[in-house]
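See below for model.tsv, which holds TSV, C-alpha atoms and all ligand atoms.
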```tsv
chain	number	residue	atom	x	y	z
A	1	MET	CA	50.79	101.12	89.36
A	2	GLN	CA	53.28	103.93	89.32
A	3	ALA	CA	50.48	106.43	90.01
A	4	ASN	CA	49.14	104.32	92.89
A	5	HIS	CA	52.58	104.09	94.40
A	6	LEU	CA	53.06	107.82	94.09
A	7	THR	CA	49.63	108.46	95.63
A	8	PHE	CA	50.54	106.19	98.54
A	9	VAL	CA	53.88	107.92	99.06
A	10	TYR	CA	52.17	111.28	98.84
A	11	LEU	CA	49.49	110.31	101.37
A	12	GLN	CA	52.13	108.97	103.74
A	13	PHE	CA	54.07	112.20	103.33
A	14	ALA	CA	50.94	114.35	103.71
A	15	SER	CA	49.85	112.57	106.86
A	16	LYS	CA	53.36	112.92	108.29
A	17	VAL	CA	53.45	116.57	107.40
A	18	SER	CA	50.00	117.27	108.80
A	19	GLY	CA	50.81	115.24	111.91
A	20	ASN	CA	54.04	117.10	112.45
A	21	PHE	CA	52.41	120.34	111.48
A	22	ASN	CA	49.78	120.01	114.21
A	23	ALA	CA	52.34	118.96	116.78
A	24	ASN	CA	54.57	121.84	115.84
A	25	LYS	CA	51.67	124.26	115.89
A	26	THR	CA	50.90	123.53	119.53
A	27	MET	CA	54.54	123.75	120.48
A	28	SER	CA	55.19	126.84	118.41
A	29	LEU	CA	52.38	128.72	120.12
A	30	VAL	CA	53.75	127.81	123.55
A	31	ASN	CA	57.21	128.89	122.43
A	32	ALA	CA	55.76	132.06	120.98
A	33	PHE	CA	54.12	132.84	124.31
A	34	GLU	CA	57.39	132.28	126.15
A	35	TRP	CA	58.97	134.76	123.72
A	36	ARG	CA	56.30	137.44	123.74
A	37	TYR	CA	55.87	140.08	126.39
A	38	ALA	CA	53.86	143.27	126.70
A	39	THR	CA	56.30	145.41	124.74
A	40	LYS	CA	56.84	148.82	126.25
A	41	LYS	CA	59.26	150.38	123.79
A	42	TYR	CA	59.41	149.66	120.06
A	43	ASP	CA	62.17	150.15	117.51
A	44	PRO	CA	60.69	152.90	115.29
A	45	SER	CA	63.15	152.07	112.50
A	46	ARG	CA	61.50	148.65	112.00
A	47	GLN	CA	58.11	148.84	110.38
A	48	LEU	CA	55.63	146.06	109.61
A	49	SER	CA	54.71	145.48	105.97
A	50	GLU	CA	51.14	145.92	104.76
A	51	GLU	CA	51.02	142.18	104.15
A	52	GLN	CA	52.02	141.38	107.75
A	53	VAL	CA	49.37	143.74	109.09
A	54	ASP	CA	46.76	142.33	106.70
A	55	ASP	CA	47.47	138.78	107.89
A	56	LEU	CA	47.17	139.82	111.54
A	57	LEU	CA	43.95	141.68	110.92
A	58	ARG	CA	42.56	138.71	109.01
A	59	THR	CA	42.76	136.70	112.23
A	60	VAL	CA	40.72	139.42	113.94
A	61	GLN	CA	38.21	139.25	111.09
A	62	LEU	CA	37.96	135.46	111.52
A	63	ALA	CA	37.70	135.60	115.33
A	64	PRO	CA	34.59	133.97	116.79
A	65	SER	CA	32.02	136.17	118.51
A	66	SER	CA	28.73	135.56	120.27
A	67	TYR	CA	25.97	135.08	117.67
A	68	GLY	CA	28.59	136.09	115.09
A	69	LEU	CA	27.74	139.76	115.53
A	70	GLN	CA	31.32	141.13	115.92
A	71	PRO	CA	30.06	144.24	117.77
A	72	TYR	CA	33.39	146.08	117.51
A	73	GLN	CA	35.81	147.88	115.23
A	74	PHE	CA	39.59	147.89	115.14
A	75	ILE	CA	40.66	151.38	114.08
A	76	THR	CA	44.19	151.92	112.76
A	77	VAL	CA	45.52	155.38	113.61
A	78	THR	CA	48.19	156.72	111.28
A	79	ASP	CA	47.69	160.50	111.60
A	80	PRO	CA	50.76	161.76	113.55
A	81	ALA	CA	48.78	164.58	115.17
A	82	LYS	CA	46.18	162.13	116.46
A	83	LEU	CA	48.91	159.75	117.66
A	84	GLU	CA	50.45	162.61	119.59
A	85	GLN	CA	47.08	163.33	121.23
A	86	ILE	CA	46.52	159.62	121.93
A	87	SER	CA	49.96	159.42	123.52
A	88	ARG	CA	48.90	162.16	125.95
A	89	ALA	CA	45.57	160.40	126.63
A	90	ALA	CA	47.61	157.25	127.36
A	91	PHE	CA	49.74	159.13	129.92
A	92	GLY	CA	52.78	159.24	127.62
A	93	GLN	CA	53.20	155.47	127.42
A	94	PRO	CA	56.03	155.01	124.89
A	95	GLN	CA	54.30	152.25	122.90
A	96	ILE	CA	52.09	154.81	121.15
A	97	THR	CA	54.85	156.92	119.66
A	98	THR	CA	57.33	154.12	118.90
A	99	ALA	CA	55.19	151.25	117.52
A	100	SER	CA	54.78	150.53	113.83
A	101	ARG	CA	51.00	150.37	114.16
A	102	VAL	CA	48.58	151.67	116.73
A	103	LEU	CA	45.04	150.36	116.82
A	104	VAL	CA	42.10	151.48	118.88
A	105	VAL	CA	39.65	148.73	119.72
A	106	ALA	CA	36.16	150.20	119.98
A	107	VAL	CA	32.80	148.63	120.70
A	108	GLU	CA	29.43	149.51	119.28
A	109	THR	CA	27.20	151.49	121.64
A	110	ASN	CA	23.99	151.18	119.60
A	111	ILE	CA	23.48	147.42	119.50
A	112	SER	CA	19.84	146.86	118.57
A	113	GLU	CA	17.50	144.86	116.38
A	114	ALA	CA	19.03	146.71	113.43
A	115	THR	CA	22.40	145.11	114.30
A	116	VAL	CA	20.86	141.65	114.21
A	117	LYS	CA	18.93	142.44	111.03
A	118	ALA	CA	22.12	143.50	109.24
A	119	TYR	CA	23.79	140.22	110.29
A	120	ILE	CA	20.83	138.07	109.21
A	121	ASP	CA	20.55	139.91	105.87
A	122	LYS	CA	24.23	139.21	105.23
A	123	ALA	CA	24.01	135.59	106.39
A	124	ALA	CA	21.13	134.93	103.98
A	125	ILE	CA	23.27	136.19	101.09
A	126	VAL	CA	26.53	134.52	102.12
A	127	ARG	CA	24.87	131.19	102.87
A	128	GLU	CA	22.64	131.45	99.81
A	129	THR	CA	19.50	130.75	101.77
A	130	ASP	CA	16.09	132.31	101.92
A	131	ARG	CA	16.01	134.99	104.63
A	132	GLN	CA	12.89	133.34	106.05
A	133	ASN	CA	15.02	130.33	107.04
A	134	LEU	CA	16.98	132.57	109.41
A	135	GLU	CA	14.09	134.39	111.03
A	136	ALA	CA	13.82	132.02	114.01
A	137	ARG	CA	17.51	132.70	114.64
A	138	GLU	CA	16.94	136.45	114.35
A	139	GLN	CA	14.12	136.33	116.89
A	140	PHE	CA	16.20	134.23	119.26
A	141	VAL	CA	19.16	136.63	119.17
A	142	ASN	CA	16.85	139.63	119.57
A	143	SER	CA	15.16	138.01	122.55
A	144	LYS	CA	18.58	137.52	124.21
A	145	LEU	CA	19.88	141.01	123.49
A	146	SER	CA	16.65	142.80	124.41
A	147	GLY	CA	17.09	141.52	127.98
A	148	LEU	CA	20.28	143.57	128.36
A	149	SER	CA	20.45	147.20	129.46
A	150	PRO	CA	22.56	149.58	127.28
A	151	ALA	CA	25.45	149.27	129.78
A	152	GLN	CA	25.17	145.46	129.77
A	153	LYS	CA	25.25	145.46	125.97
A	154	ILE	CA	28.51	147.41	126.07
A	155	ASP	CA	29.95	144.95	128.62
A	156	TRP	CA	28.89	142.10	126.34
A	157	ALA	CA	30.44	143.79	123.31
A	158	GLU	CA	33.69	144.32	125.22
A	159	LYS	CA	33.86	140.60	126.01
A	160	GLN	CA	33.57	139.85	122.31
A	161	ALA	CA	36.22	142.44	121.46
A	162	PHE	CA	38.61	141.05	124.07
A	163	LEU	CA	38.35	137.59	122.57
A	164	ALA	CA	39.42	139.03	119.21
A	165	VAL	CA	42.22	140.89	121.00
A	166	GLY	CA	43.43	137.61	122.55
A	167	ILE	CA	43.54	136.09	119.09
A	168	LEU	CA	45.50	139.07	117.81
A	169	VAL	CA	48.00	138.68	120.67
A	170	SER	CA	48.44	135.01	119.69
A	171	ALA	CA	48.71	135.70	115.97
A	172	ALA	CA	51.32	138.39	116.52
A	173	ALA	CA	53.39	136.19	118.83
A	174	GLU	CA	53.29	133.30	116.38
A	175	ALA	CA	54.45	135.60	113.59
A	176	GLY	CA	57.33	136.93	115.74
A	177	ILE	CA	55.72	140.36	115.91
A	178	ASP	CA	55.64	142.28	119.16
A	179	ALA	CA	52.36	143.54	120.57
A	180	SER	CA	50.97	145.53	123.48
A	181	PRO	CA	47.38	145.54	124.62
A	182	MET	CA	46.84	148.69	126.70
A	183	GLU	CA	43.98	149.81	128.89
A	184	GLY	CA	46.00	152.56	130.58
A	185	PHE	CA	44.38	155.57	128.92
A	186	ASP	CA	41.63	158.10	129.53
A	187	ARG	CA	38.71	156.65	127.63
A	188	ARG	CA	36.73	159.87	127.36
A	189	GLN	CA	39.74	161.71	125.91
A	190	LEU	CA	40.42	158.93	123.43
A	191	ASP	CA	36.77	158.86	122.38
A	192	GLN	CA	36.88	162.62	121.77
A	193	ILE	CA	40.14	162.46	119.79
A	194	LEU	CA	38.63	159.97	117.36
A	195	ASP	CA	35.13	161.43	117.49
A	196	LEU	CA	33.83	158.00	118.46
A	197	PRO	CA	30.49	158.97	120.08
A	198	THR	CA	29.21	160.36	116.76
A	199	LYS	CA	30.01	156.98	115.20
A	200	ASN	CA	28.18	155.08	117.96
A	201	LEU	CA	31.48	153.68	119.20
A	202	GLN	CA	33.33	153.67	122.52
A	203	SER	CA	37.02	152.83	122.92
A	204	THR	CA	37.88	149.82	125.04
A	205	LEU	CA	41.57	149.14	124.37
A	206	LEU	CA	44.67	150.49	122.65
A	207	PHE	CA	46.81	147.97	120.80
A	208	ALA	CA	50.37	148.53	119.54
A	209	LEU	CA	52.24	146.34	117.06
A	210	GLY	CA	55.83	146.37	115.81
A	211	TYR	CA	59.28	145.20	116.82
A	212	ARG	CA	60.73	145.59	120.28
A	213	SER	CA	63.52	148.09	120.89
A	214	ALA	CA	66.85	146.46	121.79
A	215	ASP	CA	66.90	148.54	124.98
A	216	ASP	CA	63.37	147.68	126.20
A	217	GLU	CA	64.21	146.33	129.64
A	218	PHE	CA	60.77	144.72	129.94
A	219	ALA	CA	61.93	142.05	127.44
A	220	ARG	CA	64.32	140.70	130.05
A	221	ILE	CA	62.24	140.61	133.21
A	222	PRO	CA	60.89	137.17	134.17
A	223	LYS	CA	57.20	136.50	133.75
A	224	VAL	CA	55.04	136.55	136.88
A	225	ARG	CA	52.30	133.96	136.58
A	226	LYS	CA	50.03	131.91	138.83
A	227	THR	CA	51.19	128.35	139.32
A	228	LYS	CA	49.31	125.60	137.52
A	229	ALA	CA	47.79	124.56	140.87
A	230	GLU	CA	46.51	128.09	141.44
A	231	LEU	CA	45.18	128.46	137.94
A	232	PHE	CA	43.78	125.07	136.98
A	233	THR	CA	41.41	123.14	139.18
A	234	THR	CA	39.30	120.07	138.62
A	235	VAL	CA	35.97	119.39	140.23
B	1	LIG	C1	43.83	144.14	128.72
B	1	LIG	C2	45.24	144.50	129.04
B	1	LIG	C3	45.58	145.80	129.29
B	1	LIG	C4	46.91	146.17	129.54
B	1	LIG	N1	47.24	147.48	129.68
B	1	LIG	C5	48.55	147.83	129.77
B	1	LIG	C6	48.93	149.19	129.77
B	1	LIG	O1	48.13	150.11	129.65
B	1	LIG	N2	50.25	149.47	129.86
B	1	LIG	C7	51.21	148.50	129.95
B	1	LIG	O2	52.38	148.82	130.01
B	1	LIG	N3	50.86	147.20	129.96
B	1	LIG	C8	49.56	146.84	129.85
B	1	LIG	N4	49.21	145.51	129.81
B	1	LIG	C9	50.26	144.49	129.88
B	1	LIG	C10	50.18	143.65	131.17
B	1	LIG	O3	50.64	144.39	132.25
B	1	LIG	C11	51.02	142.39	130.92
B	1	LIG	O4	50.44	141.66	129.87
B	1	LIG	C12	51.11	141.52	132.16
B	1	LIG	O5	51.76	142.17	133.21
B	1	LIG	C13	51.85	140.22	131.86
B	1	LIG	O6	53.13	140.48	131.34
B	1	LIG	P1	53.59	139.99	129.89
B	1	LIG	O7	52.44	140.27	128.95
B	1	LIG	O8	54.77	140.85	129.56
B	1	LIG	O9	53.91	138.54	129.96
B	1	LIG	C14	47.90	145.16	129.57
B	1	LIG	C15	47.53	143.83	129.31
B	1	LIG	C16	46.23	143.51	129.03
B	1	LIG	C17	45.89	142.07	128.71
```
Rewrite the coordinates I just gave you, this time as structure tokens.
Ligand SMILES: Cc1cc2nc3c(=O)[nH]c(=O)nc-3n(C[C@H](O)[C@H](O)[C@H](O)COP(=O)(O)O)c2cc1C
Amino acid sequence: MQANHLTFVYLQFASKVSGNFNANKTMSLVNAFEWRYATKKYDPSRQLSEEQVDDLLRTVQLAPSSYGLQPYQFITVTDPAKLEQISRAAFGQPQITTASRVLVVAVETNISEATVKAYIDKAAIVRETDRQNLEAREQFVNSKLSGLSPAQKIDWAEKQAFLAVGILVSAAAEAGIDASPMEGFDRRQLDQILDLPTKNLQSTLLFALGYRSADDEFARIPKVRKTKAELFTTV
């Protein structure tokens, strides 16, 4: 009797908590997006912990991607000499030299049947299924990707990478961590600095993380956005 009562109270509590939790989640993300902005200048005295960075990167790892192939890498750059070079390739934008973390988002340039094979091999192990059960899937994905030119494959990979970047922007904002996606850089220079072509990679975005500087004026300028009527239509 006592146990039943406690179970009932617990379930009531749990459903309240999960109900509130979901409601708060939606609200907190909207609030987080009101708070966030593309941070231009970071406070170099405030560094992120390894745990904070790990949690953020876990959301990137869990991001959805077409066919699950995740045709990208997020490269953390810590070498001060390389950061100095990257800063120059990014036209001296202050995010690079002031942020706690600088990531380079790069896409794979050698997407092929081998890419799909590696995914299917892994899926068979993770899902504890005979590889043969996944062969129809493998053929389907290969048939889709083989219709793309090398340039189209890179475009496709960049779309997948940008979805993961969007998730990283959201995760950072929700955690109260500042972030800056940046495409203002010379891609060829950045690729050379990190020797990306030899790794079959091509840079697509720079991404800075940390805490905003108190004197970053961009924190105070109002957001410019399309109106709802301009942005959302119904047919
Ligand atoms: C893909 C992408 C690339 C961007 N590149 C740069 C950049 O190189 N330098 C910069 O200062 N801001 C960059 N931004 C920031 C945008 O200018 C900014 O997000 C936009 O003006 C909206 O302002 P808010 O993010 O502060 O609300 C970039 C944003 C995105 C999404």
Find the residue from A:Ile111, A:Ala38, A:Ala123, A:Val105 that sits nearest to ligand LIG 1 (chain B); use all atoms listed in the file when measuring.
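Closest residue, counting all atoms listed in the file: A:Ala38.
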Between atom CA of A:Phe33 and atom CA of A:Leu83, distance in Å (one decimal)
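Value for the atom CA of A:Phe33-atom CA of A:Leu83 distance: 28.2 Å.
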Give me the box for ligand LIG 1 (chain B) as AutoDock Vina command-line options, namely the centre and edge lengths in Å to one decimal of a box along x, y and z that holds every listed atom plus 6 Å on each side.
```
--center_x 49.3 --center_y 144.3 --center_z 131.0 --size_x 22.9 --size_y 23.6 --size_z 16.5
```
Rank nothing, just name the residue among A:Leu163, A:Leu134, A:Val141, A:Ala90 nearest to ligand LIG 1 (chain B), using only C-alpha atoms and all ligand atoms.
A:Ala90
Once you count all atoms listed in the file, which residues end up within 6 Å of ligand LIG 1 (chain B), and could you hand them over as a ChimeraX atom specification?
/A:37-38,40,181-184,223
What would stretch 46-63 of chain A look like with N, CA and C atoms restored, written as a PDB file, keeping the file's coordinate frame?
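That gives us part_32.pdb:
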```pdb
ATOM      1  N   ARG A  46      61.989 149.917 112.587  1.00  0.00           N
ATOM      2  CA  ARG A  46      61.500 148.650 112.000  1.00  0.00           C
ATOM      3  C   ARG A  46      59.981 148.699 111.876  1.00  0.00           C
ATOM      4  N   GLN A  47      59.543 148.721 110.659  1.00  0.00           N
ATOM      5  CA  GLN A  47      58.110 148.840 110.380  1.00  0.00           C
ATOM      6  C   GLN A  47      57.551 147.519 109.859  1.00  0.00           C
ATOM      7  N   LEU A  48      56.310 147.248 110.153  1.00  0.00           N
ATOM      8  CA  LEU A  48      55.630 146.060 109.610  1.00  0.00           C
ATOM      9  C   LEU A  48      55.210 146.349 108.170  1.00  0.00           C
ATOM     10  N   SER A  49      55.194 145.299 107.344  1.00  0.00           N
ATOM     11  CA  SER A  49      54.710 145.480 105.970  1.00  0.00           C
ATOM     12  C   SER A  49      53.178 145.455 105.982  1.00  0.00           C
ATOM     13  N   GLU A  50      52.603 145.964 104.889  1.00  0.00           N
ATOM     14  CA  GLU A  50      51.140 145.920 104.760  1.00  0.00           C
ATOM     15  C   GLU A  50      50.641 144.477 104.822  1.00  0.00           C
ATOM     16  N   GLU A  51      51.422 143.584 104.204  1.00  0.00           N
ATOM     17  CA  GLU A  51      51.020 142.180 104.150  1.00  0.00           C
ATOM     18  C   GLU A  51      50.990 141.572 105.565  1.00  0.00           C
ATOM     19  N   GLN A  52      52.007 141.889 106.366  1.00  0.00           N
ATOM     20  CA  GLN A  52      52.020 141.380 107.750  1.00  0.00           C
ATOM     21  C   GLN A  52      50.799 141.871 108.520  1.00  0.00           C
ATOM     22  N   VAL A  53      50.515 143.174 108.361  1.00  0.00           N
ATOM     23  CA  VAL A  53      49.370 143.740 109.090  1.00  0.00           C
ATOM     24  C   VAL A  53      48.064 143.111 108.595  1.00  0.00           C
ATOM     25  N   ASP A  54      47.977 142.946 107.268  1.00  0.00           N
ATOM     26  CA  ASP A  54      46.760 142.330 106.700  1.00  0.00           C
ATOM     27  C   ASP A  54      46.543 140.933 107.277  1.00  0.00           C
ATOM     28  N   ASP A  55      47.609 140.145 107.361  1.00  0.00           N
ATOM     29  CA  ASP A  55      47.470 138.780 107.890  1.00  0.00           C
ATOM     30  C   ASP A  55      47.009 138.812 109.347  1.00  0.00           C
ATOM     31  N   LEU A  56      47.581 139.720 110.125  1.00  0.00           N
ATOM     32  CA  LEU A  56      47.170 139.820 111.540  1.00  0.00           C
ATOM     33  C   LEU A  56      45.704 140.223 111.644  1.00  0.00           C
ATOM     34  N   LEU A  57      45.338 141.199 110.833  1.00  0.00           N
ATOM     35  CA  LEU A  57      43.950 141.680 110.920  1.00  0.00           C
ATOM     36  C   LEU A  57      42.964 140.639 110.387  1.00  0.00           C
ATOM     37  N   ARG A  58      43.441 139.785 109.504  1.00  0.00           N
ATOM     38  CA  ARG A  58      42.560 138.710 109.010  1.00  0.00           C
ATOM     39  C   ARG A  58      42.181 137.771 110.161  1.00  0.00           C
ATOM     40  N   THR A  59      43.106 137.565 111.100  1.00  0.00           N
ATOM     41  CA  THR A  59      42.760 136.700 112.230  1.00  0.00           C
ATOM     42  C   THR A  59      41.697 137.373 113.109  1.00  0.00           C
ATOM     43  N   VAL A  60      41.764 138.688 113.193  1.00  0.00           N
ATOM     44  CA  VAL A  60      40.720 139.420 113.940  1.00  0.00           C
ATOM     45  C   VAL A  60      39.383 139.257 113.211  1.00  0.00           C
ATOM     46  N   GLN A  61      39.447 139.367 111.878  1.00  0.00           N
ATOM     47  CA  GLN A  61      38.210 139.250 111.090  1.00  0.00           C
ATOM     48  C   GLN A  61      37.593 137.857 111.255  1.00  0.00           C
ATOM     49  N   LEU A  62      38.448 136.843 111.412  1.00  0.00           N
ATOM     50  CA  LEU A  62      37.960 135.460 111.520  1.00  0.00           C
ATOM     51  C   LEU A  62      37.659 135.049 112.965  1.00  0.00           C
ATOM     52  N   ALA A  63      37.903 135.945 113.911  1.00  0.00           N
ATOM     53  CA  ALA A  63      37.700 135.600 115.330  1.00  0.00           C
ATOM     54  C   ALA A  63      36.228 135.242 115.579  1.00  0.00           C
TER      55      ALA A  63
END
```
